[in-house]
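Trainee: Got a file for you: my_file.cif, mmCIF, C-alpha atoms.
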data_entry
loop_
_atom_site.label_atom_id
_atom_site.label_comp_id
_atom_site.auth_asym_id
_atom_site.auth_seq_id
_atom_site.Cartn_x
_atom_site.Cartn_y
_atom_site.Cartn_z
CA MET A 1 -25.36 0.62 -3.93
CA LEU A 2 -22.75 -0.82 -1.58
CA THR A 3 -22.37 -3.82 -3.88
CA SER A 4 -21.52 -1.63 -6.87
CA HIS A 5 -18.95 0.28 -4.80
CA LEU A 6 -17.36 -2.98 -3.65
CA LYS A 7 -17.21 -4.29 -7.22
CA ARG A 8 -15.46 -1.15 -8.45
CA GLY A 9 -13.05 -1.26 -5.52
CA VAL A 10 -12.15 -4.90 -6.10
CA LYS A 11 -11.68 -4.34 -9.84
CA ALA A 12 -9.39 -1.41 -9.14
CA GLY A 13 -7.53 -3.58 -6.64
CA VAL A 14 -6.95 -6.32 -9.21
CA VAL A 15 -5.46 -3.85 -11.71
CA ALA A 16 -3.26 -2.07 -9.17
CA GLY A 17 -2.31 -5.27 -7.35
CA LEU A 18 -1.21 -6.99 -10.55
CA ALA A 19 1.07 -4.09 -11.44
CA PHE A 20 2.40 -4.02 -7.89
CA GLY A 21 3.03 -7.77 -7.92
CA LEU A 22 4.92 -7.53 -11.21
CA LEU A 23 7.07 -4.76 -9.74
CA LEU A 24 7.91 -7.03 -6.82
CA ALA A 25 8.71 -10.00 -9.05
CA LEU A 26 10.71 -8.19 -11.72
CA VAL A 27 12.50 -5.50 -9.71
CA ALA A 28 12.28 -6.06 -5.96
CA ASN A 29 13.06 -9.79 -5.97
CA PRO A 30 16.41 -9.46 -7.79
CA LEU A 31 17.42 -6.57 -5.51
CA VAL A 32 16.50 -8.54 -2.39
CA ALA A 33 18.36 -11.62 -3.66
CA PHE A 34 21.43 -9.51 -4.37
CA ALA A 35 21.22 -7.88 -0.95
CA ASP A 36 20.84 -11.26 0.70
CA GLU A 37 23.92 -12.52 -1.12
CA LEU A 38 25.94 -9.55 0.08
CA GLY A 39 24.61 -10.02 3.58
CA HIS A 40 25.70 -13.66 3.65
CA GLU A 41 29.16 -12.68 2.43
CA GLY A 42 29.47 -10.20 5.29
CA GLY A 43 27.93 -12.56 7.87
CA ASP A 44 24.60 -14.19 8.61
CA ILE A 45 21.65 -11.85 8.36
CA ASP A 46 18.05 -12.23 9.36
CA GLY A 47 15.06 -12.07 7.05
CA GLY A 48 13.50 -8.61 6.63
CA ILE A 49 10.65 -7.88 9.05
CA ALA A 50 7.34 -6.72 7.59
CA GLU A 51 6.62 -3.10 8.56
CA SER A 52 5.39 -1.38 5.46
CA GLY A 53 2.54 -3.56 4.20
CA THR A 54 2.87 -6.22 1.55
CA GLY A 55 6.03 -4.72 0.07
CA GLU A 56 8.17 -5.67 3.07
CA HIS A 57 6.39 -8.96 3.64
CA HIS A 58 7.49 -9.81 0.16
CA GLU A 59 11.07 -8.78 0.79
CA THR A 60 11.23 -11.10 3.75
CA ASP A 61 9.99 -13.99 1.67
CA GLY A 62 12.46 -13.19 -1.06
CA GLY A 63 15.37 -13.20 1.35
CA HIS A 64 14.24 -16.47 2.93
CA HIS A 65 13.92 -18.37 -0.31
CA HIS A 66 17.22 -17.11 -1.57
CA GLY A 67 18.95 -18.16 1.60
CA ALA A 68 17.46 -21.63 1.26
CA ASP A 69 18.78 -21.84 -2.27
CA GLY A 70 22.21 -20.82 -1.09
CA GLY A 71 22.22 -23.79 1.26
CA HIS A 72 21.39 -26.19 -1.56
CA HIS A 73 24.17 -24.94 -3.79
CA GLY A 74 26.75 -26.46 -1.57
CA GLY A 75 25.14 -29.90 -1.85
CA ALA A 76 23.87 -31.71 -4.91
CA GLY A 77 24.71 -30.76 -8.46
CA ASP A 78 21.14 -29.85 -9.29
CA GLY A 79 21.50 -26.56 -7.36
CA PRO A 80 21.03 -24.27 -10.40
CA HIS A 81 17.82 -26.06 -11.37
CA GLU A 82 16.47 -25.77 -7.85
CA SER A 83 17.44 -22.10 -7.81
CA VAL A 84 15.46 -21.43 -10.99
CA VAL A 85 12.44 -23.30 -9.64
CA SER A 86 12.63 -21.46 -6.33
CA SER A 87 12.94 -18.11 -8.11
CA THR A 88 9.93 -18.91 -10.28
CA VAL A 89 7.86 -19.91 -7.26
CA THR A 90 8.92 -16.79 -5.37
CA ASN A 91 8.00 -14.55 -8.29
CA GLY A 92 4.64 -16.28 -8.65
CA VAL A 93 3.93 -15.84 -4.96
CA SER A 94 4.94 -12.19 -5.25
CA VAL A 95 2.50 -11.52 -8.08
CA LEU A 96 -0.29 -13.38 -6.30
CA SER A 97 0.34 -11.60 -3.00
CA GLY A 98 0.39 -8.27 -4.83
CA VAL A 99 -2.99 -8.99 -6.40
CA LEU A 100 -4.47 -10.11 -3.07
CA TRP A 101 -3.10 -7.04 -1.31
CA GLY A 102 -4.58 -4.82 -4.02
CA ILE A 103 -7.96 -6.56 -3.73
CA LEU A 104 -7.94 -6.08 0.04
CA LEU A 105 -7.14 -2.38 -0.20
CA GLY A 106 -9.53 -1.89 -3.10
CA GLY A 107 -12.42 -3.60 -1.35
CA VAL A 108 -11.92 -2.02 2.07
CA VAL A 109 -10.80 1.49 1.10
CA PHE A 110 -12.32 2.11 -2.33
CA GLY A 111 -15.34 -0.08 -1.74
CA PHE A 112 -16.59 0.12 1.82
CA ALA A 113 -14.83 3.31 3.02
CA PHE A 114 -15.60 5.20 -0.20
CA TYR A 115 -19.26 4.24 0.12
CA LEU A 116 -19.39 5.70 3.63
CA LEU A 117 -17.21 8.78 3.10
CA GLU A 118 -18.02 9.80 -0.48
CA PRO A 119 -20.44 12.61 0.48
CA ALA A 120 -17.80 14.15 2.77
CA ILE A 121 -14.89 13.96 0.32
CA PRO A 122 -14.50 17.23 -1.63
CA GLY A 123 -13.99 17.50 -5.36
CA THR A 124 -15.19 15.68 -8.44
CA GLU A 125 -15.52 11.92 -8.80
CA GLY A 126 -11.92 11.50 -9.93
CA THR A 127 -10.55 13.92 -7.34
CA LYS A 128 -12.30 11.99 -4.59
CA SER A 129 -10.52 8.80 -5.62
CA TYR A 130 -7.09 10.43 -5.41
CA LEU A 131 -7.84 12.16 -2.10
CA LEU A 132 -8.96 8.87 -0.61
CA ALA A 133 -5.81 7.21 -1.96
CA ALA A 134 -3.68 9.89 -0.29
CA ALA A 135 -5.50 9.28 2.99
CA GLY A 136 -5.01 5.54 2.58
CA PHE A 137 -1.29 5.95 1.97
CA VAL A 138 -0.93 8.16 5.04
CA THR A 139 -2.89 5.70 7.19
CA VAL A 140 -1.33 2.44 6.03
CA SER A 141 2.24 3.54 5.39
CA GLY A 142 3.04 7.23 5.84
CA ALA A 143 2.10 7.70 9.49
CA PRO A 144 3.63 4.41 10.73
CA TRP A 145 6.84 5.15 8.84
CA LEU A 146 7.36 8.25 10.99
CA VAL A 147 8.02 5.91 13.93
CA LEU A 148 9.17 2.77 12.11
CA PRO A 149 10.73 3.71 8.76
CA PRO A 150 10.93 0.94 6.14
CA ARG A 151 14.09 -1.11 6.48
CA PRO A 152 16.01 -3.26 4.00
CA PRO A 153 16.08 -7.02 4.56
CA GLY A 154 18.73 -8.37 6.85
CA VAL A 155 18.74 -5.63 9.49
CA SER A 156 18.65 -6.35 13.20
CA GLN A 157 16.32 -4.05 15.15
CA SER A 158 16.46 -3.21 18.84
CA LEU A 159 12.71 -3.17 19.48
CA PRO A 160 10.97 -6.57 19.76
CA THR A 161 8.40 -7.57 17.16
CA GLU A 162 5.45 -7.18 19.55
CA THR A 163 6.40 -3.59 20.36
CA ARG A 164 6.86 -2.69 16.72
CA THR A 165 3.49 -4.23 15.84
CA LEU A 166 1.75 -2.16 18.51
CA LEU A 167 3.54 1.00 17.40
CA TYR A 168 2.64 0.37 13.78
CA GLY A 169 -1.03 -0.24 14.56
CA GLY A 170 -1.20 2.78 16.84
CA MET A 171 0.28 5.06 14.19
CA MET A 172 -2.19 3.71 11.65
CA ALA A 173 -5.02 4.74 13.99
CA VAL A 174 -3.51 8.20 14.50
CA GLY A 175 -3.02 8.58 10.74
CA ALA A 176 -6.64 7.66 10.05
CA LEU A 177 -7.83 10.11 12.72
CA ALA A 178 -5.71 12.90 11.24
CA CYS A 179 -7.17 12.26 7.78
CA LEU A 180 -10.75 12.28 9.09
CA LEU A 181 -10.18 15.51 11.05
CA SER A 182 -8.57 17.06 7.98
CA GLY A 183 -11.60 16.31 5.83
CA TYR A 184 -13.96 17.57 8.52
CA ALA A 185 -12.05 20.85 8.92
CA TYR A 186 -12.04 21.43 5.17
CA GLN A 187 -15.78 20.88 4.84
CA ARG A 188 -16.58 23.12 7.81
CA LEU A 189 -14.53 26.10 6.61
CA ARG A 190 -14.89 25.90 2.82
CA GLU A 191 -18.26 27.68 2.73
CA ARG A 192 -17.56 30.10 5.59
CA ARG A 193 -13.97 31.20 4.98
CA GLY A 194 -13.16 30.11 1.44
CA ARG A 195 -11.00 27.41 -0.07
CA GLY A 196 -7.64 28.86 1.00
CA ALA A 197 -8.53 28.93 4.68
CA ALA A 198 -10.12 25.49 4.38
CA VAL A 199 -6.95 24.00 2.88
CA LEU A 200 -4.86 25.55 5.65
CA ALA A 201 -7.21 24.19 8.31
CA ALA A 202 -7.16 20.76 6.65
CA ALA A 203 -3.37 20.61 7.00
CA LEU A 204 -3.37 21.33 10.74
CA PRO A 205 -4.64 17.91 11.98
CA PHE A 206 -1.57 16.23 10.53
CA GLY A 207 0.41 17.96 13.25
CA LEU A 208 -1.06 15.32 15.57
CA LEU A 209 1.35 12.84 14.03
CA ALA A 210 4.26 14.67 15.63
CA VAL A 211 3.08 13.84 19.17
CA PRO A 212 3.41 10.02 19.12
CA THR A 213 6.47 10.35 16.89
CA ALA A 214 8.23 12.43 19.53
CA PHE A 215 7.43 10.01 22.37
CA ALA A 216 7.94 6.72 20.52
CA PRO A 217 10.90 4.60 21.66
CA ALA A 218 13.95 4.62 19.45
CA ASN A 219 14.49 1.61 17.21
CA SER A 220 18.18 1.36 16.42
CA VAL A 221 19.15 -0.94 13.57
CA GLU A 222 22.28 -2.67 12.32
CA SER A 223 22.81 -3.76 8.74
CA ALA A 224 25.63 -5.47 6.87
CA LEU A 225 24.51 -3.96 3.56
CA PRO A 226 26.31 -1.09 1.84
CA PRO A 227 24.52 2.22 2.55
CA ASP A 228 23.73 2.87 -1.11
CA LEU A 229 22.11 -0.53 -1.55
CA ALA A 230 20.17 -0.19 1.69
CA THR A 231 18.89 3.22 0.56
CA GLY A 232 17.88 1.77 -2.79
CA LEU A 233 15.90 -1.03 -1.16
CA VAL A 234 14.10 1.41 1.13
CA GLY A 235 13.38 3.65 -1.83
CA MET A 236 11.93 0.67 -3.70
CA THR A 237 9.60 -0.02 -0.78
CA VAL A 238 8.39 3.59 -0.67
CA PHE A 239 8.00 3.76 -4.44
CA GLY A 240 6.09 0.48 -4.56
CA GLN A 241 3.58 1.53 -1.92
CA ALA A 242 3.08 4.97 -3.48
CA LEU A 243 2.65 3.41 -6.92
CA LEU A 244 0.06 0.98 -5.58
CA TRP A 245 -2.11 3.78 -4.18
CA VAL A 246 -1.78 5.91 -7.33
CA LEU A 247 -2.82 2.97 -9.51
CA LEU A 248 -5.71 2.19 -7.17
CA ALA A 249 -6.94 5.77 -7.42
CA GLY A 250 -6.52 5.93 -11.19
CA ALA A 251 -8.30 2.64 -11.83
CA HIS A 252 -11.10 3.52 -9.41
CA ALA A 253 -11.58 6.98 -10.94
CA ARG A 254 -11.82 5.49 -14.43
CA LEU A 255 -14.28 2.82 -13.33
CA SER A 256 -16.39 5.44 -11.53
CA HIS A 257 -16.39 7.60 -14.65
CA HIS A 258 -17.64 4.72 -16.77
CA SER A 259 -20.28 3.97 -14.15
CA VAL A 260 -21.58 7.56 -14.32
CA GLU A 261 -21.66 7.40 -18.13
CA ASP A 262 -23.69 4.19 -18.03
CA ARG A 263 -26.37 5.58 -15.73
CA PRO A 264 -28.22 7.77 -18.28
CA SER A 265 -28.52 4.87 -20.73
CA ASP A 266 -29.82 2.63 -17.95
CA VAL A 267 -32.40 5.24 -16.95
CA ALA A 268 -33.47 5.73 -20.56
CA SER A 269 -33.81 1.98 -20.99
CA ASP A 270 -35.95 1.73 -17.86
CA ARG A 271 -38.17 4.57 -19.05
CA SER A 272 -38.65 2.98 -22.46
CA ASP A 273 -39.60 -0.31 -20.82
CA VAL A 274 -42.17 1.50 -18.69
CA SER A 275 -43.67 3.27 -21.72
CA VAL A 276 -43.90 0.03 -23.68
CA THR A 277 -45.63 -1.65 -20.75
CA ALA A 278 -48.07 1.24 -20.46
CA ASP A 279 -48.92 1.01 -24.16
#
Do you think you could lay out the structure here as structure tokens?
Mentor:
Amino acid sequence: MLTSHLKRGVKAGVVAGLAFGLLLALVANPLVAFADELGHEGGDIDGGIAESGTGEHHETDGGHHHGADGGHHGGAGDGPHESVVSSTVTNGVSVLSGVLWGILLGGVVFGFAFYLLEPAIPGTEGTKSYLLAAAGFVTVSGAPWLVLPPRPPGVSQSLPTETRTLLYGGMMAVGALACLLSGYAYQRLRERRGRGAAVLAAALPFGLLAVPTAFAPANSVESALPPDLATGLVGMTVFGQALLWVLLAGAHARLSHHSVEDRPSDVASDRSDVSVTAD
């Protein structure tokens, strides 16, 4: 049973991760390269620091490779060729990292976690996939972003990397706890008080996120990018992560639906085999 859940989760991760990787390669990479170019024109900028999952890891890589290309342009005449090769390699790495990130999320969240939590998740088979995706988004990205919002590449941040890593991990734990308490409250009150009261009770645990957010240290940032471009890059990060979870849920729901449809035929086949053996 666990094996079948893991297989469906990994398959959903491949589909969603491939789409996510293509988004990084075709849309995010050019934006990051353009932002890096503007940053170098305004002064030296650092590579983006990963805070929002694979999306920002990718942006850091994109900025780094582009900066390396910029250094080569001033040297030999084969700069354009090297730039094309570097861009191709970066895009390939982006697609591959997107697929691997999707497989990881699919296997852990929609494979192992879904296997454990499926009885407690309300709704139909498809609804369960989307509810789990929402919980995954809150845990992996949404809750940590309350303390450490996604940043464009090239910003300097006041908090050291170690502190930001601890804050990010702590907010992931609080986000997961809030999601679990939300599901528990809904299940406890749905039969006793009705769906409306259960939904209201399920929303209350997310108020826990306000406590660490209020006491977290401030993380001031400085960026040489124009505000509109910086906002666009942050929006791309948010959109990419949300799209990844929606695609994971959609692919998993479809695979689960096909799995349910296949069960009756498998049972009928087993019964026919038993009857033939008995004859």
Trainee: Which residue, A:Gly175, A:Gly17, A:Pro226, A:Pro119, has the smallest gap to Leu96 (chain A) when you use all atoms listed in the file?
Mentor: A:Gly17
Trainee: CA of Pro212 (chain A) and CA of Arg151 (chain A) are how many Å apart?
Mentor: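 Interatomic distance here is 19.9 Å.
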Trainee: Enter the distance from CA of Tyr168 (chain A) to CA of Ser141 (chain A), in Å, rounded to one decimal.
Mentor: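 Going from CA of Tyr168 (chain A) over to CA of Ser141 (chain A) covers 9.0 Å.
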Trainee: Select, from A:Gln187, A:Thr88, A:Asn219, A:Thr124, the residue with the minimum atom-to-atom distance to Val147 (chain A), counting all atoms listed in the file.
Mentor: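 Counting all atoms listed in the file, the residue closest to Val147 (chain A) is A:Asn219.
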Trainee: For Val93 (chain A), please output as a ChimeraX atom specification all residues within 9 Å (counting only C-alpha atoms; exclusion window: fewer than 3 positions along the same chain).
Mentor: /A:21,25,58,88-90,96-98
Trainee: Rounded to one decimal in Å, what is the spacing between CA of Tyr115 (chain A) and CA of Thr165 (chain A)?
Mentor: 28.9 Å
Trainee: In the coordinates of the file, take the point (-13.3, -1.4, -6.0) and a cut-off of 8 Å; then, counting only C-alpha atoms, name each qualifying protein, DNA or RNA residue as a list in words.
Mentor: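 Final list of nearby residues, as requested, is His5, Leu6, Lys7, Arg8, Gly9, Val10, Lys11, Ala12, Gly13, Ile103, Gly106, Gly107, Phe110, Gly111 and His252 of chain A.
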Trainee: Using only C-alpha atoms, find the one residue out of A:Leu180, A:Thr139, A:Val155, A:Tyr130 that sits nearest to Leu225 (chain A).
Mentor: A:Val155
Trainee: Given the choices A:Leu177, A:Val27, A:Leu132, A:Ala198, which gets closest to Val108 (chain A) if the distance is worked out from all atoms listed in the file?
Mentor: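 Ranking A:Leu177, A:Val27, A:Leu132, A:Ala198 by distance to Val108 (chain A), first place goes to A:Leu132.
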Trainee: Between A:Ala19, A:Ala210, A:Met1, A:Val221, which residue has the minimum interatomic distance to Pro149 (chain A), considering all atoms listed in the file?
Mentor: A:Val221
Trainee: For Ala216 (chain A), find every residue with an atom within 10 Å (counting all atoms listed in the file), except residues of its own chain fewer than 2 positions away, and show them as a short mmCIF file (atom, residue, chain, number, x, y, z; two decimals) with C-alpha atoms, in the coordinates of the input.
Mentor:
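Saved as selection-v4.cif:
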data_model
loop_
_atom_site.label_atom_id
_atom_site.label_comp_id
_atom_site.auth_asym_id
_atom_site.auth_seq_id
_atom_site.Cartn_x
_atom_site.Cartn_y
_atom_site.Cartn_z
CA LEU A 146 7.36 8.25 10.99
CA VAL A 147 8.02 5.91 13.93
CA LEU A 148 9.17 2.77 12.11
CA LEU A 167 3.54 1.00 17.40
CA VAL A 211 3.08 13.84 19.17
CA PRO A 212 3.41 10.02 19.12
CA THR A 213 6.47 10.35 16.89
CA ALA A 214 8.23 12.43 19.53
CA ALA A 218 13.95 4.62 19.45
CA ASN A 219 14.49 1.61 17.21
#
Trainee: Run the PyMOL selection byres ((chain A and resi 23) around 10) on the file and write out the hits as an MDAnalysis selection string.
Mentor: chainID A and resid 17:22 24:29 55 91 94:95 98 236 240 243:244
Trainee: Given the file shown, enumerate the residues that the PyMOL selection byres ((chain A and resi 242) around 12) captures and present them as a ChimeraX atom specification.
Mentor: /A:16,20,52-53,55,130,133-138,140-142,235-241,243-249
Trainee: Counting only C-alpha atoms, which of A:Leu116, A:Gly154, A:Val234, A:Val99 gets nearest to Glu37 (chain A)?
Mentor: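 Of A:Leu116, A:Gly154, A:Val234, A:Val99, the one nearest Glu37 (chain A) is A:Gly154, counting only C-alpha atoms.
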